[in-house]
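Asks: Before I ask anything, let me first share the structure, which is written out below as structure tokens.
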Amino acid sequence: MKTNHIFKRGLLVTGALSIILASACSNGEGTKPSASESTKPTELTMMNLYLTPEPPKMDSEAMKLLQEYTNTKLNITWVPSSSYSEKVTASIAVAGDLPQILLVKDDRNPAIIEAARAGLFWELGPYLKDYPNLKTLDATRLTNTSIDGKVYSIFRWRPMARNGVIIRKDWLNNLGLQEPKNLDDLMNIFKAFTYNDPDKNGKNDTYGISFDSSSAQIFHLLAMMGAPNTWEYKDGKMSPDFMTKPYMDTMKLLQQMFKDKLFNSDFPVVKDRTVLVNQGKAGVYIGAYDDLNSRFTDLLKANPKAELDTVATLSGPGGMKVQGGTGYNSVYMIPKTSVKTEDDLKKVLTYIDKLGDEKVQNLMAWGIEGKHYKVENGQAVRIDEQVFTDEIYNNLFQLMVFDGSKALPGKQDPSVDKYNKLIQNNEQYAVPNPALPLLSKTYMEKGKQLDQVITDARTKFILGELDENGFQQAIANWQKLGGDQVMSEYKSEYEKTMKK
């Protein structure tokens, strides 16, 4: 199957994969508001992030329709993803500068948790039952976002296990290689992409895989190697992944990969691993499957013949395993400094709830009938995936909350169908993190410092600057600095939840 037309985008789907829609508006014209919606639009301020080269366009037809459907006038401050968390932290420090709706990228950040505990954000749990869409939010995901058992945010739905391998299909073809089935195959491809001139330019200027400082690719390999997902409760003890043998085995593998120059040596300071792929310098990307159609625009602009494809879950020493996620990607929180009354809170919640209406989900998933899709035999059919990506997806995706389950089924590009099925299939291989909903007082106070100890040691080990004994010394230091206390607190919290 040819997949060089990569920007074929459908929203992430639920288990049935039915995220494709019916009519957002007929013949390219917006649906007229009903009498109940004909009141003056609610003006709302928001801060949100964007992943695309340019921020979403507030004057786009898609954004105008969204505001019409939700009867709002949105004033959104768009911030690049790479600097978003820092911007949020700075805004919280000056609470008076917060918008009415704040997208929080890292809701487990101690600063966010402490701000919620201090009363900066509205507790939303008691209100959700009053809204037709919000009351249907998944209980497990709400628990994962909770703070001390209370819900302070609205999660943006994502599948539980989105990540996988995206690969240069044309490079495989150039070298006469098949799609990998297991970790050994993948390692051989890394080597071939590094040393065998996969782009046929006669130069030794490519890497097998692109790495960055986010660790997403490392955690994916850890799962394949059989390591636990961040934490493990075993034999009455809660332990971090880096205390297990599969973790060390993975570190040794990564160290050898570094020696073999299979990935970029500057990874500790690289913020975005898509860059090397977009530059045509790396042949494998590990991250969300659905990044296939949204994060490699520059690659196809520079090389229209480039082909990217997704690869099914690979087996490794740990079997068929992938790292399980939270089931959401960022959350919306509502600051009390900018939403001062319960009436104002209800206006904000009304907007978020309307994002779950069928016509909004249709707009986000298919766009405008006659322009972005047509209806055949009761099913929506995309007219042009690239146009949909540019005009609808890139403008509205960061505003999506719900899972798209109200959308009618339709036909998508084969590349989109493939990765949606792979995402669904990942669920059975997902390794959960048992500490996800747990809170540790010590980690709240020292988590950043503790994480840095291990991150630095891991990086030095991969670079060959630290041996196994040195890594064990770093673990011992982590324990002395508070790690032992974190293990104890997580154990206690976990066992409390087991009794409920």
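Residues are named by chain letter and number: chains run A, B, ... in the order of the structure tokens, numbers start at 1 in each chain, and ligands are numbered from 1 in the order shown.
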Given only C-alpha atoms, how would the per-residue table for segment 241-331 of chain A near segment 410-430 of chain A read, listing every residue at most 7 Å away with its closest atom pair and distance in Å to one decimal, sorted by chain and number, as a tab-separated table?
Replies:
```
residue	atom	partner	partner_atom	distance
A:Tyr289	CA	A:Tyr419	CA	6.0
A:Asp290	CA	A:Tyr419	CA	6.8
A:Thr310	CA	A:Tyr419	CA	6.4
A:Ala312	CA	A:Leu422	CA	6.1
A:Met320	CA	A:Tyr429	CA	6.0
A:Lys321	CA	A:Tyr429	CA	4.7
A:Val322	CA	A:Ala430	CA	5.0
A:Gln323	CA	A:Ala430	CA	5.5
A:Gly324	CA	A:Ala430	CA	4.5
```
Asks: Within 12 Å of segment 46-52 of chain A, which residues of segment 321-438 of chain A come that close, and what is the closest atom pair and distance in Å for each? Count only C-alpha atoms and give it as a tab-separated table.
Replies:
```
residue	atom	partner	partner_atom	distance
A:Asn329	CA	A:Leu49	CA	11.8
A:Ser330	CA	A:Leu49	CA	10.1
A:Val331	CA	A:Asn48	CA	10.3
A:Tyr332	CA	A:Asn48	CA	9.2
A:Met333	CA	A:Met46	CA	10.1
A:Ile334	CA	A:Met46	CA	9.6
A:Pro335	CA	A:Met46	CA	10.7
A:Ser338	CA	A:Met46	CA	10.5
A:Val339	CA	A:Met46	CA	11.6
A:Val348	CA	A:Met46	CA	10.4
A:Tyr351	CA	A:Met46	CA	11.8
A:Ile352	CA	A:Met46	CA	11.8
A:Thr389	CA	A:Thr52	CA	10.9
A:Asp390	CA	A:Thr52	CA	10.0
A:Tyr393	CA	A:Thr52	CA	10.4
A:Asn394	CA	A:Thr52	CA	7.0
A:Asn395	CA	A:Tyr50	CA	9.1
A:Leu396	CA	A:Tyr50	CA	10.1
A:Phe397	CA	A:Tyr50	CA	9.2
A:Gln398	CA	A:Tyr50	CA	6.9
A:Leu399	CA	A:Asn48	CA	8.2
A:Met400	CA	A:Asn48	CA	11.4
```
Asks: With a cut-off of 12 Å, could you pull out the residues of segment 351-443 of chain A touching segment 105-123 of chain A and give me the nearest pair of atoms for each, distance in Å to one decimal, using only C-alpha atoms, ordered by chain and ascending number, as CSV?
Replies:
```
residue,atom,partner,partner_atom,distance
A:Gln398,CA,A:Lys105,CA,11.3
A:Ala435,CA,A:Arg108,CA,11.5
A:Leu436,CA,A:Arg108,CA,9.0
A:Pro437,CA,A:Arg108,CA,9.3
A:Leu438,CA,A:Arg108,CA,10.0
A:Leu439,CA,A:Arg108,CA,9.0
A:Ser440,CA,A:Pro110,CA,10.0
A:Lys441,CA,A:Pro110,CA,9.6
A:Thr442,CA,A:Pro110,CA,10.4
A:Tyr443,CA,A:Pro110,CA,8.1
```
Asks: Could you list, as a list in words, every residue within 12 Å of Leu300 of chain A, counting only C-alpha atoms and ignoring same-chain residues fewer than 2 positions away?
Replies: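 My reading of the contact set: Thr3, Asn4, His5, Ile6, Phe7, Arg168, Val277, Asn278, Gln279, Gly280, Leu292, Asn293, Ser294, Arg295, Phe296, Thr297, Asp298, Ala302, Asn303, Pro304, Lys305, Ala306, Glu307, Leu308 and Gln386 of chain A.
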Asks: Among segment 10-178 of chain A, which residues carry a DSSP assignment of strand (DSSP E), reported as a PyMOL selection string?
Replies: chain A and resi 42-50+72-80+101-104+153-157+163-168
Asks: May I have the selected residues written with N, CA and C atoms, as a JSON list (two decimals), in the first residue's frame?
Replies:
```json
[["chain", "number", "residue", "atom", "x", "y", "z"],
["A", 42, "THR", "N", -21.05, 33.97, 24.20],
["A", 42, "THR", "CA", -20.27, 34.08, 25.42],
["A", 42, "THR", "C", -18.81, 34.30, 25.06],
["A", 43, "GLU", "N", -18.23, 35.35, 25.59],
["A", 43, "GLU", "CA", -16.82, 35.63, 25.32],
["A", 43, "GLU", "C", -15.97, 34.86, 26.32],
["A", 44, "LEU", "N", -15.01, 34.10, 25.80],
["A", 44, "LEU", "CA", -14.15, 33.28, 26.64],
["A", 44, "LEU", "C", -12.69, 33.46, 26.24],
["A", 45, "THR", "N", -11.83, 33.52, 27.26],
["A", 45, "THR", "CA", -10.40, 33.57, 27.01],
["A", 45, "THR", "C", -9.79, 32.20, 27.30],
["A", 46, "MET", "N", -8.76, 31.85, 26.55],
["A", 46, "MET", "CA", -8.13, 30.54, 26.68],
["A", 46, "MET", "C", -6.66, 30.64, 26.34],
["A", 47, "MET", "N", -5.86, 29.78, 26.96],
["A", 47, "MET", "CA", -4.47, 29.60, 26.53],
["A", 47, "MET", "C", -4.31, 28.15, 26.10],
["A", 48, "ASN", "N", -3.72, 27.95, 24.93],
["A", 48, "ASN", "CA", -3.61, 26.61, 24.36],
["A", 48, "ASN", "C", -2.28, 26.50, 23.63],
["A", 49, "LEU", "N", -1.89, 25.28, 23.30],
["A", 49, "LEU", "CA", -0.63, 25.06, 22.60],
["A", 49, "LEU", "C", -0.89, 24.63, 21.16],
["A", 50, "TYR", "N", 0.14, 24.73, 20.33],
["A", 50, "TYR", "CA", 0.04, 24.22, 18.96],
["A", 50, "TYR", "C", 1.32, 23.48, 18.60],
["A", 72, "THR", "N", -20.05, 31.03, 21.09],
["A", 72, "THR", "CA", -18.98, 31.67, 21.85],
["A", 72, "THR", "C", -18.17, 32.59, 20.96],
["A", 73, "LYS", "N", -17.44, 33.47, 21.60],
["A", 73, "LYS", "CA", -16.42, 34.26, 20.94],
["A", 73, "LYS", "C", -15.13, 33.95, 21.69],
["A", 74, "LEU", "N", -14.24, 33.19, 21.04],
["A", 74, "LEU", "CA", -13.05, 32.71, 21.71],
["A", 74, "LEU", "C", -11.87, 33.64, 21.47],
["A", 75, "ASN", "N", -11.21, 33.98, 22.55],
["A", 75, "ASN", "CA", -9.97, 34.76, 22.48],
["A", 75, "ASN", "C", -8.86, 33.84, 22.99],
["A", 76, "ILE", "N", -8.13, 33.21, 22.05],
["A", 76, "ILE", "CA", -7.16, 32.17, 22.41],
["A", 76, "ILE", "C", -5.74, 32.67, 22.23],
["A", 77, "THR", "N", -4.96, 32.52, 23.26],
["A", 77, "THR", "CA", -3.52, 32.78, 23.18],
["A", 77, "THR", "C", -2.84, 31.47, 22.83],
["A", 78, "TRP", "N", -2.24, 31.42, 21.64],
["A", 78, "TRP", "CA", -1.58, 30.20, 21.18],
["A", 78, "TRP", "C", -0.09, 30.26, 21.50],
["A", 79, "VAL", "N", 0.42, 29.19, 22.10],
["A", 79, "VAL", "CA", 1.82, 29.13, 22.52],
["A", 79, "VAL", "C", 2.45, 27.87, 21.92],
["A", 80, "PRO", "N", 3.67, 27.95, 21.37],
["A", 80, "PRO", "CA", 4.32, 26.74, 20.83],
["A", 80, "PRO", "C", 4.45, 25.66, 21.90],
["A", 101, "ILE", "N", -10.00, 29.61, 30.54],
["A", 101, "ILE", "CA", -9.75, 28.19, 30.27],
["A", 101, "ILE", "C", -8.27, 28.01, 30.03],
["A", 102, "LEU", "N", -7.63, 27.21, 30.87],
["A", 102, "LEU", "CA", -6.20, 27.00, 30.77],
["A", 102, "LEU", "C", -5.92, 25.56, 30.40],
["A", 103, "LEU", "N", -5.32, 25.36, 29.23],
["A", 103, "LEU", "CA", -4.88, 24.01, 28.89],
["A", 103, "LEU", "C", -3.59, 23.73, 29.65],
["A", 104, "VAL", "N", -3.58, 22.60, 30.36],
["A", 104, "VAL", "CA", -2.41, 22.20, 31.13],
["A", 104, "VAL", "C", -1.83, 20.95, 30.50],
["A", 153, "SER", "N", -10.27, 19.10, 36.56],
["A", 153, "SER", "CA", -9.99, 19.34, 35.14],
["A", 153, "SER", "C", -10.88, 18.51, 34.24],
["A", 154, "ILE", "N", -10.93, 18.91, 32.98],
["A", 154, "ILE", "CA", -11.60, 18.16, 31.92],
["A", 154, "ILE", "C", -10.51, 17.63, 31.00],
["A", 155, "PHE", "N", -10.39, 16.31, 30.91],
["A", 155, "PHE", "CA", -9.33, 15.74, 30.09],
["A", 155, "PHE", "C", -9.67, 15.80, 28.61],
["A", 156, "ARG", "N", -8.61, 15.85, 27.80],
["A", 156, "ARG", "CA", -8.75, 15.74, 26.35],
["A", 156, "ARG", "C", -8.50, 14.29, 25.99],
["A", 157, "TRP", "N", -9.54, 13.60, 25.55],
["A", 157, "TRP", "CA", -9.50, 12.16, 25.34],
["A", 157, "TRP", "C", -8.43, 11.75, 24.35],
["A", 163, "ASN", "N", 1.22, 5.01, 21.02],
["A", 163, "ASN", "CA", 2.56, 5.05, 20.44],
["A", 163, "ASN", "C", 2.94, 3.82, 19.64],
["A", 164, "GLY", "N", 3.78, 4.05, 18.67],
["A", 164, "GLY", "CA", 4.29, 2.98, 17.83],
["A", 164, "GLY", "C", 5.39, 3.50, 16.93],
["A", 165, "VAL", "N", 5.76, 2.70, 15.95],
["A", 165, "VAL", "CA", 6.86, 3.02, 15.04],
["A", 165, "VAL", "C", 6.31, 3.58, 13.73],
["A", 166, "ILE", "N", 6.85, 4.72, 13.32],
["A", 166, "ILE", "CA", 6.59, 5.30, 12.00],
["A", 166, "ILE", "C", 7.90, 5.24, 11.22],
["A", 167, "ILE", "N", 7.85, 4.75, 9.99],
["A", 167, "ILE", "CA", 9.07, 4.41, 9.27],
["A", 167, "ILE", "C", 9.04, 4.95, 7.83],
["A", 168, "ARG", "N", 10.23, 5.24, 7.29],
["A", 168, "ARG", "CA", 10.35, 5.65, 5.90],
["A", 168, "ARG", "C", 10.18, 4.42, 5.01]]
```
